[in-house]
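Okay, model-v3.txt now, which holds compact mmCIF, C-alpha atoms:
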```txt
# COMPACT_ATOMS: atom_id res chain seq x y z
CA MET S 67 -159.95 35.52 31.11
CA SER S 68 -158.85 35.15 34.73
CA GLY S 69 -160.42 31.69 35.10
CA GLU S 70 -161.29 32.35 38.75
CA ASP S 71 -165.08 32.56 38.24
CA PRO S 72 -166.74 29.24 37.30
CA ARG S 73 -169.68 31.02 35.68
CA THR S 74 -167.34 33.08 33.50
CA THR S 75 -165.48 29.93 32.52
CA LEU S 76 -168.65 28.03 31.62
CA ASN S 77 -169.97 30.99 29.64
CA ALA S 78 -166.73 31.04 27.67
CA MET S 79 -167.10 27.33 26.96
CA SER S 80 -170.66 27.85 25.75
CA GLU S 81 -169.59 30.68 23.47
CA ALA S 82 -166.79 28.55 22.00
CA LEU S 83 -169.23 25.74 21.27
CA VAL S 84 -171.73 28.13 19.71
CA ALA S 85 -168.97 29.42 17.42
CA GLN S 86 -168.08 25.85 16.46
CA ARG S 87 -171.72 25.02 15.75
CA ARG S 88 -172.05 28.11 13.56
CA SER S 89 -169.19 26.96 11.34
CA ALA S 90 -169.94 23.21 11.40
CA THR S 91 -171.47 21.59 8.30
CA ASP S 92 -171.85 18.02 9.57
CA PRO S 93 -175.45 17.63 10.92
CA ALA S 94 -174.35 15.02 13.48
CA LEU S 95 -171.62 17.33 14.78
CA ARG S 96 -174.04 20.26 14.99
CA GLN S 97 -176.45 18.11 16.98
CA GLU S 98 -173.70 17.04 19.39
CA LEU S 99 -172.55 20.65 19.79
CA SER S 100 -176.13 21.66 20.63
CA ARG S 101 -176.33 18.91 23.24
CA GLN S 102 -173.10 20.04 24.90
CA ILE S 103 -174.23 23.68 24.87
CA GLU S 104 -177.45 22.68 26.63
CA ALA S 105 -175.50 20.65 29.22
CA ILE S 106 -173.26 23.62 30.02
CA GLU S 107 -176.26 25.95 30.28
CA ASP S 108 -177.83 23.49 32.71
CA GLN S 109 -174.67 23.69 34.81
CA LEU S 110 -174.90 27.49 34.79
CA ASP S 111 -178.46 27.25 36.10
CA VAL S 112 -177.42 25.21 39.14
CA LEU S 113 -174.15 26.93 40.02
CA ALA S 114 -176.08 29.30 42.27
CA VAL S 115 -176.61 26.52 44.81
CA LEU S 116 -173.27 24.75 44.51
CA ASN S 117 -170.32 25.19 46.83
CA ALA S 118 -166.88 26.10 45.48
CA ARG S 119 -165.69 22.51 45.13
CA GLU S 120 -168.77 21.46 43.17
CA ALA S 121 -168.44 24.51 40.94
CA ALA S 122 -164.86 23.51 40.21
CA ARG S 123 -165.94 19.99 39.32
CA ALA S 124 -168.72 21.32 37.10
CA VAL S 125 -166.10 23.35 35.22
CA ASP S 126 -163.73 20.39 35.06
CA ALA S 127 -166.43 18.03 33.78
CA ALA S 128 -167.57 20.53 31.17
CA SER S 129 -164.01 21.11 29.98
CA SER S 130 -163.50 17.35 29.71
CA ARG S 131 -166.56 17.07 27.51
CA LEU S 132 -165.30 19.96 25.41
CA GLU S 133 -161.89 18.33 25.10
CA ALA S 134 -163.43 15.11 23.76
CA LEU S 135 -165.66 17.04 21.39
CA LEU S 136 -162.81 19.10 19.98
CA ALA S 137 -160.74 15.97 19.44
CA THR S 138 -163.60 14.31 17.60
CA ALA S 139 -164.28 17.34 15.44
CA ARG S 140 -160.56 17.75 14.62
CA VAL S 141 -160.82 21.50 14.74
CA ASN S 142 -157.95 23.96 14.39
CA PRO S 143 -154.92 23.78 16.76
CA PHE S 144 -155.94 26.84 18.77
CA ASP S 145 -158.84 25.07 20.45
CA PRO S 146 -156.67 22.84 22.72
CA LEU S 147 -155.24 26.04 24.18
CA ILE S 148 -158.77 27.10 25.11
CA GLN S 149 -159.37 23.70 26.70
CA ARG S 150 -156.17 23.90 28.78
CA ALA S 151 -157.24 27.32 30.03
CA PHE S 152 -160.53 25.82 31.20
CA LYS S 153 -158.65 23.04 32.99
CA GLY S 154 -156.49 25.63 34.72
CA ALA S 155 -159.59 27.49 35.88
CA ALA S 156 -161.00 24.34 37.42
CA ASP S 157 -157.70 23.60 39.19
CA ARG S 158 -157.61 27.08 40.69
CA VAL S 159 -161.17 26.86 41.97
CA VAL S 160 -160.43 23.45 43.53
CA LYS S 161 -157.46 24.91 45.42
CA ARG S 162 -159.62 27.72 46.74
CA ALA S 163 -162.30 25.25 47.83
CA ASP S 164 -159.69 23.12 49.61
CA ALA S 165 -158.45 26.15 51.52
CA ALA S 166 -161.99 27.05 52.58
CA SER S 167 -162.67 23.51 53.83
CA ALA S 168 -159.40 23.21 55.75
CA ALA S 169 -160.84 25.11 58.71
CA PHE S 170 -163.01 22.12 59.62
CA ALA S 171 -161.63 19.02 57.91
CA SER S 172 -158.83 16.98 59.45
CA GLN S 173 -157.49 13.44 59.65
CA GLU S 174 -159.55 12.51 62.69
CA PHE S 175 -160.41 8.90 63.42
CA PRO S 176 -163.54 7.63 65.15
CA ALA S 177 -163.41 6.65 68.78
CA VAL S 178 -164.26 2.99 68.36
CA GLU S 179 -163.08 1.52 71.63
CA GLU S 180 -164.85 0.01 74.60
CA ASP S 181 -167.75 2.37 75.15
CA GLU S 182 -169.96 2.35 72.07
CA PRO S 183 -173.62 3.32 71.54
CA PRO S 184 -176.39 0.76 71.61
CA ALA S 185 -177.84 -0.45 68.32
CA VAL S 186 -180.94 1.70 68.87
CA GLN S 187 -180.42 5.30 69.93
CA ASP S 188 -181.65 6.02 73.43
CA ALA S 189 -183.83 9.13 73.30
CA THR S 190 -185.02 9.02 76.92
CA LEU S 191 -183.99 11.87 79.17
CA PRO S 192 -183.42 11.15 82.88
CA ALA S 193 -186.70 11.14 84.76
CA ALA S 194 -185.12 11.99 88.09
CA ALA S 195 -183.89 15.42 89.05
CA ALA S 196 -180.55 16.28 87.54
CA PRO S 197 -177.59 15.60 89.84
CA SER S 198 -175.43 18.44 91.05
CA ARG S 199 -171.87 18.88 89.85
CA GLY S 200 -170.56 17.21 92.92
CA ASP S 201 -172.43 13.95 92.52
CA ALA S 202 -172.45 13.31 88.75
CA PRO S 203 -172.75 9.53 88.36
CA GLU S 204 -169.88 7.34 87.26
CA VAL S 205 -171.42 4.66 85.04
CA ALA S 206 -169.60 1.53 83.97
CA PRO S 207 -168.99 1.43 80.23
CA SER S 208 -170.73 -1.04 77.96
CA SER S 209 -169.40 -2.63 74.81
CA ALA S 210 -170.85 -2.82 71.31
CA PRO S 211 -169.34 -2.75 67.82
CA ALA S 212 -169.07 0.56 66.05
CA GLY S 213 -168.45 1.61 62.49
CA ASP S 214 -165.57 3.42 60.91
CA THR S 215 -166.54 6.98 60.06
CA GLY S 216 -163.14 8.17 58.86
CA ALA S 217 -163.17 10.24 55.67
CA VAL S 218 -161.28 9.34 52.50
CA VAL S 219 -160.70 11.20 49.29
CA ALA S 220 -162.95 9.60 46.70
CA THR S 221 -163.54 9.95 43.00
CA PRO S 222 -166.58 12.17 42.33
CA PRO S 223 -169.57 10.77 40.46
CA PRO S 224 -170.29 11.85 36.89
CA ALA S 225 -171.06 15.55 36.82
CA ALA S 226 -173.65 15.28 34.07
CA LYS S 227 -176.32 14.65 36.70
CA ASP S 228 -177.61 17.77 38.37
CA PRO S 229 -176.54 17.27 42.03
CA VAL S 230 -179.22 19.58 43.34
CA ALA S 231 -182.25 17.96 44.92
CA ALA S 232 -185.58 18.04 43.12
CA GLU S 233 -186.97 20.00 46.02
CA PRO S 234 -186.27 23.70 45.35
CA VAL S 235 -183.91 25.38 47.76
CA ALA S 236 -182.96 28.99 48.19
CA ALA S 237 -179.85 30.12 46.40
CA PRO S 238 -176.78 30.83 48.53
CA ALA S 239 -177.07 34.50 47.64
CA ALA S 240 -180.37 34.65 49.47
CA ALA S 241 -178.94 32.65 52.35
CA ALA S 242 -176.01 35.05 52.49
CA ARG S 243 -178.40 37.98 52.78
CA THR S 244 -180.16 36.19 55.59
CA GLU S 245 -176.89 35.70 57.45
CA ALA S 246 -175.90 39.30 56.78
CA ASP S 247 -179.12 40.43 58.44
CA VAL S 248 -178.07 38.64 61.63
CA PRO S 249 -175.53 40.78 63.47
CA LYS S 250 -172.43 39.00 64.59
CA PRO S 251 -171.94 39.92 68.23
CA SER S 252 -168.54 40.56 69.60
CA ALA S 253 -166.84 37.52 71.05
CA PRO S 254 -168.04 36.76 74.58
CA ALA S 255 -165.73 36.78 77.54
CA THR S 256 -163.19 34.01 77.23
CA SER S 257 -162.25 33.69 80.87
CA GLU S 258 -161.60 30.02 81.44
CA PRO S 259 -163.02 28.27 84.50
CA ALA S 260 -160.48 26.83 86.88
CA PRO S 261 -159.78 23.13 86.19
CA ASP S 262 -161.34 22.06 89.47
CA SER S 263 -164.57 23.86 88.52
CA LEU S 264 -165.09 21.80 85.37
CA PRO S 265 -167.74 19.08 85.63
CA PRO S 266 -166.47 15.60 86.46
CA LEU S 267 -166.22 13.12 83.63
CA VAL S 268 -169.21 10.80 83.30
CA ARG S 269 -168.90 7.43 81.59
CA GLY S 270 -171.72 5.85 79.68
CA ASN S 271 -173.26 5.94 76.25
CA THR S 272 -176.99 6.56 76.63
CA LEU S 273 -178.70 9.92 76.69
CA ALA S 274 -180.18 9.12 80.09
CA GLN S 275 -176.65 8.66 81.49
CA LEU S 276 -175.11 11.68 79.80
CA ALA S 277 -177.80 14.37 79.49
CA GLU S 278 -176.78 16.27 82.60
CA ASP S 279 -173.11 15.94 81.70
CA TYR S 280 -173.84 17.61 78.36
CA ARG S 281 -175.66 20.47 80.09
CA LEU S 282 -172.81 21.05 82.53
CA CYS S 283 -170.13 20.85 79.85
CA TRP S 284 -172.06 23.26 77.65
CA ALA S 285 -172.27 25.77 80.50
CA ALA S 286 -168.56 25.41 81.30
CA CYS S 287 -167.32 25.39 77.69
CA ARG S 288 -165.13 28.30 76.56
CA ILE S 289 -163.57 28.65 73.12
CA ARG S 290 -159.83 29.03 73.53
CA PRO S 291 -158.95 32.61 72.50
CA GLU S 292 -156.18 31.51 70.14
CA LYS S 293 -158.64 29.20 68.34
CA ARG S 294 -161.54 31.67 68.05
CA LYS S 295 -160.78 32.65 64.42
CA GLU S 296 -160.63 29.01 63.31
CA VAL S 297 -163.97 28.25 64.94
CA GLU S 298 -165.54 31.34 63.35
CA ALA S 299 -164.14 30.37 59.94
CA ALA S 300 -165.52 26.83 60.23
CA THR S 301 -168.93 28.23 61.15
CA ASP S 302 -168.90 30.62 58.19
CA ARG S 303 -167.97 27.74 55.90
CA MET S 304 -170.85 25.64 57.17
CA LEU S 305 -173.35 28.46 56.67
CA GLN S 306 -172.55 28.53 52.96
CA GLY S 307 -174.52 25.29 52.64
CA ARG S 308 -177.36 26.32 54.92
CA ALA S 309 -180.05 26.25 52.20
CA ARG S 310 -179.23 22.64 51.34
CA TYR S 311 -179.12 21.55 54.98
CA GLU S 312 -182.50 23.21 55.58
CA ALA S 313 -183.97 21.36 52.60
CA VAL S 314 -182.89 18.01 54.09
CA SER S 315 -184.13 19.09 57.52
CA ARG S 316 -187.62 19.83 56.18
CA ARG S 317 -187.87 16.45 54.49
CA SER S 318 -186.44 14.60 57.51
CA GLY S 319 -189.25 15.61 59.83
CA GLY S 320 -187.25 18.01 61.96
CA VAL S 321 -183.60 16.94 62.30
CA PRO S 322 -181.96 20.35 62.92
CA TRP S 323 -180.23 21.82 59.88
CA GLN S 324 -177.41 22.88 62.18
CA LEU S 325 -176.76 19.25 63.11
CA ILE S 326 -176.82 18.21 59.45
CA GLY S 327 -174.35 20.97 58.55
CA ILE S 328 -171.94 20.12 61.36
CA MET S 329 -172.03 16.44 60.42
CA HIS S 330 -171.35 17.39 56.80
CA GLY S 331 -168.24 19.29 57.83
CA LEU S 332 -166.92 16.63 60.19
CA GLU S 333 -167.58 13.66 57.91
CA CYS S 334 -167.17 15.14 54.43
CA GLY S 335 -165.22 18.40 54.73
CA TYR S 336 -168.34 20.09 53.25
CA ASP S 337 -167.96 18.11 50.02
CA PHE S 338 -171.38 17.68 48.36
CA PHE S 339 -170.06 14.74 46.35
CA LYS S 340 -169.79 12.55 49.47
CA HIS S 341 -172.31 10.53 51.46
CA LEU S 342 -173.23 12.16 54.75
CA HIS S 343 -173.21 8.69 56.35
CA ASN S 344 -169.41 8.38 56.37
CA GLY S 345 -167.75 10.48 53.66
CA ASP S 346 -167.75 7.79 50.94
CA SER S 347 -168.12 8.96 47.33
CA LEU S 348 -171.61 9.49 45.95
CA GLY S 349 -170.48 7.52 42.90
CA ALA S 350 -171.60 4.26 44.57
CA PRO S 351 -173.39 3.04 47.72
CA THR S 352 -171.33 3.39 50.89
CA THR S 353 -168.64 0.76 51.34
CA ARG S 354 -167.63 1.52 54.91
CA VAL S 355 -169.88 1.25 57.94
CA PRO S 356 -172.74 1.73 57.44
CA ALA S 357 -172.22 -0.12 54.16
CA GLY S 358 -174.70 -0.31 51.31
CA ARG S 359 -176.42 2.99 52.01
CA PRO S 360 -178.68 4.28 50.66
CA PRO S 361 -180.34 1.01 49.59
CA GLY S 362 -180.51 0.73 45.80
CA TRP S 363 -178.28 3.79 45.36
CA THR S 364 -177.02 4.71 41.89
CA SER S 365 -174.52 7.37 40.89
CA THR S 366 -177.35 9.52 39.54
CA GLY S 367 -178.72 10.26 43.02
CA THR S 368 -178.36 13.69 44.61
CA TRP S 369 -176.53 14.65 47.79
CA GLU S 370 -179.85 15.61 49.37
CA GLU S 371 -181.31 12.16 48.74
CA SER S 372 -178.33 10.47 50.34
CA ALA S 373 -178.27 12.90 53.27
CA LEU S 374 -181.95 12.27 53.92
CA ASP S 375 -181.25 8.54 54.14
CA ALA S 376 -178.34 9.22 56.51
CA VAL S 377 -180.33 11.23 59.02
CA ARG S 378 -183.31 8.88 58.88
CA PHE S 379 -181.02 5.88 59.33
CA LYS S 380 -179.02 7.33 62.22
CA PHE S 381 -181.69 9.31 64.05
CA LYS S 382 -184.81 7.20 63.56
CA GLY S 383 -187.46 7.82 66.17
CA ILE S 384 -185.87 10.94 67.69
CA THR S 385 -188.24 13.90 67.86
CA ASP S 386 -186.90 15.93 70.80
CA TRP S 387 -183.86 17.89 69.59
CA SER S 388 -182.88 19.57 72.83
CA LEU S 389 -179.23 20.45 73.44
CA PRO S 390 -178.39 17.16 75.24
CA GLN S 391 -179.97 15.17 72.40
CA VAL S 392 -177.97 17.03 69.72
CA LEU S 393 -174.68 16.61 71.58
CA HIS S 394 -175.46 12.94 72.20
CA ALA S 395 -176.23 12.43 68.51
CA LEU S 396 -172.92 14.00 67.54
CA GLU S 397 -170.89 11.99 70.04
CA SER S 398 -172.73 8.81 69.02
CA PHE S 399 -171.79 9.54 65.42
CA ASN S 400 -168.09 9.35 66.33
CA GLY S 401 -168.24 6.88 69.21
CA PHE S 402 -167.84 6.93 72.99
CA GLY S 403 -164.31 5.51 73.13
CA TYR S 404 -162.80 8.63 74.66
CA ARG S 405 -164.72 8.41 77.94
CA PRO S 406 -162.99 5.17 79.07
CA LYS S 407 -159.70 7.00 78.41
CA GLY S 408 -160.67 9.54 81.08
CA MET S 409 -161.25 12.41 78.67
CA ARG S 410 -163.98 14.15 76.74
CA SER S 411 -164.32 13.65 73.03
CA PRO S 412 -162.44 16.13 70.83
CA TYR S 413 -165.15 15.46 68.25
CA LEU S 414 -167.30 17.67 70.48
CA TRP S 415 -164.92 19.81 72.54
CA SER S 416 -161.66 20.29 70.60
CA PHE S 417 -160.44 23.93 70.70
CA SER S 418 -162.16 24.48 74.07
CA ASN S 419 -161.13 24.44 77.71
CA LEU S 420 -162.72 20.98 78.01
CA TYR S 421 -160.06 19.34 75.84
CA THR S 422 -156.27 19.44 75.96
CA LYS S 423 -154.80 16.40 74.21
CA GLY S 424 -155.26 12.76 73.31
CA ARG S 425 -156.96 11.34 70.22
CA PHE S 426 -157.37 8.22 68.12
CA VAL S 427 -154.74 8.29 65.36
CA ALA S 428 -156.11 5.16 63.66
CA ASP S 429 -158.94 2.71 64.25
CA HIS S 430 -158.54 1.38 67.81
CA VAL S 431 -155.17 3.19 68.16
CA TYR S 432 -155.16 5.91 70.82
CA ASP S 433 -152.26 8.33 71.38
CA PRO S 434 -152.55 10.27 74.67
CA GLU S 435 -150.09 12.96 73.46
CA LYS S 436 -151.66 13.76 70.09
CA VAL S 437 -153.71 16.95 69.89
CA SER S 438 -156.80 17.16 67.69
CA LYS S 439 -156.61 19.73 64.89
CA GLN S 440 -160.31 19.53 64.14
CA VAL S 441 -162.85 22.10 65.31
CA GLY S 442 -165.13 20.51 67.90
CA ALA S 443 -168.79 20.24 66.92
CA ALA S 444 -170.05 21.85 70.13
CA LEU S 445 -167.97 24.94 69.43
CA ILE S 446 -169.71 25.46 66.11
CA LEU S 447 -173.00 25.35 68.03
CA LYS S 448 -171.58 27.90 70.47
CA VAL S 449 -170.84 30.36 67.67
CA LEU S 450 -174.25 29.74 66.10
CA GLU S 451 -175.82 30.51 69.48
CA GLU S 452 -173.82 33.76 69.68
CA ARG S 453 -175.19 34.74 66.26
CA GLY S 454 -178.78 33.91 67.14
CA LEU S 455 -178.84 30.87 64.84
CA TRP S 456 -179.14 28.23 67.54
CA PRO S 457 -181.30 26.81 68.97
```

Translate the structure of the given file into structure tokens.
Amino acid sequence: MSGEDPRTTLNAMSEALVAQRRSATDPALRQELSRQIEAIEDQLDVLAVLNAREAARAVDAASSRLEALLATARVNPFDPLIQRAFKGAADRVVKRADAASAAFASQEFPAVEEDEPPAVQDATLPAAAAPSRGDAPEVAPSSAPAGDTGAVVATPPPAAKDPVAAEPVAAPAAAARTEADVPKPSAPATSEPAPDSLPPLVRGNTLAQLAEDYRLCWAACRIRPEKRKEVEAATDRMLQGRARYEAVSRRSGGVPWQLIGIMHGLECGYDFFKHLHNGDSLGAPTTRVPAGRPPGWTSTGTWEESALDAVRFKFKGITDWSLPQVLHALESFNGFGYRPKGMRSPYLWSFSNLYTKGRFVADHVYDPEKVSKQVGAALILKVLEERGLWP
């Protein structure tokens, strides 16, 4: 057995347990074997909607249960060899999942300096006509506290709970067919506008102050040719979870699934065992800002339930999801601390002609020479637009 396919591995576990049950004489042991077989079969049922990392953890959790069961039953010495093979399969799948997530995840820190969003999101677009490039307003920054949204590696919650939401979602296979039906156009021209043709930096933190800036930056944005493959890979990785993002979007009242997916990549590295709020483990309520979310959370909750709380908590009252609103929501998520530094946020524009260098290397610690290694959120939207998946 190669051990590369989680379904093959779980099937092998089930077969081993069935063989043990067939030869067992102790009624209590037979009952426990039956319970473990049912648990593994449940995992097989949900693997169709799990990403690679979750599949690896399902295998690892199942092999741990099998290990404990074999030790209790004191079966023949060959069984531990089977168990170690299962562990090896899980390790290999985890490594593959890590490699897939690396295209988007990085050690980025939130921009938490002077220019932070107000406590209530401003969803009001400018009433006046949009200014031209030459007279974009320079608005004095305001100050408000902001939370830490940096991601940490956390211990996953118990895998016995089915992490899939109660609401049925399409299996990734169906989603993959949907994506396959959408032709991927050839990369657009990558000619980069001259520096003096880029829109002037606008300071501020409300949508009314920044809406036109977002429009101008979007029009001027070009993916750097040498970064095109990384942006495409990050987009492909996000689309693997599309069915789950769409399920949350439907229940949220219209928060775009694309926004939910991009947030999931930036905050969690596409890990469905982490809170969308800030990347904390689903094994407990969030401990970092925003702390204590979702209210009353237990480790038996699903990723979808937590994600629904995250989007309702962060985007309450927003119904217009135009391009400026989406970009404002993403920048608000990370903070507006880059604008007072005289630069645009790499959280949005990294890997494009609108960003060169400078990033926060720790909370409140800015290094003007450091270059972000994270794919900018706006660039994922650019590729989705090219593929006809946005807006």

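For segment 381-395 of chain S, the non-local neighbours within 7 Å, defined as residues at least 2 positions apart in the same chain or in other chains and counting only C-alpha atoms, are Ala189, Leu273, Ala277, Tyr280, Arg281, Val377, Arg378, Phe379, Glu397, Ser398 and Phe399 of chain S.
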
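Rounded to one decimal, atom CA of Gly424 of chain S and atom CA of Ile326 of chain S lie 26.2 Å from each other.
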
>> Measuring between all atoms listed in the file, which one of S:Ser100, S:Trp284, S:Ile446, S:Phe175 shows the shortest distance to Asp433 of chain S?
In response: S:Phe175

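Remark: for Arg290 of chain S, the closest of the candidate residues S:Leu455, S:Ile103, S:Ala85, S:Leu420 is S:Leu420 (distances computed over only C-alpha atoms).
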
>> When you look at Ser438 of chain S with a cut-off of 10 Å (counting all atoms listed in the file), what residues show up, excluding the ones that are within fewer than 5 positions of it in the same chain? I need them as a PyMOL selection string.
In response: chain S and resi 172-175+411-413+415-417+421-427

> Which of these residues is nearest to His343 of chain S, using only C-alpha atoms: S:Thr366, S:Asn400, S:Gln306, S:Ser318?
Replying inline: S:Asn400

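We find atom CA of Gln86 of chain S and atom CA of Arg101 of chain S to be spaced 12.7 Å apart.
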
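The coordinates place atom CA of Ile289 of chain S at 26.4 Å from atom CA of Ala428 of chain S.
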
> If you count all atoms listed in the file, which residues fall within 8 Å of Gln324 of chain S, apart from same-chain ones fewer than 2 positions away, as a ChimeraX atom specification?
Replying inline: /S:311,322,326-328,447,456

>> For a quick check of understanding, using only C-alpha atoms, which of S:Gln97, S:Gln275, S:Ser372, S:Ser89 has the smallest distance to Val314 of chain S?
In response: S:Ser372

> Given the choices S:Tyr336, S:Trp323, S:Trp363, S:Trp369, which gets closest to Leu450 of chain S if the distance is worked out from all atoms listed in the file?
Replying inline: S:Trp323
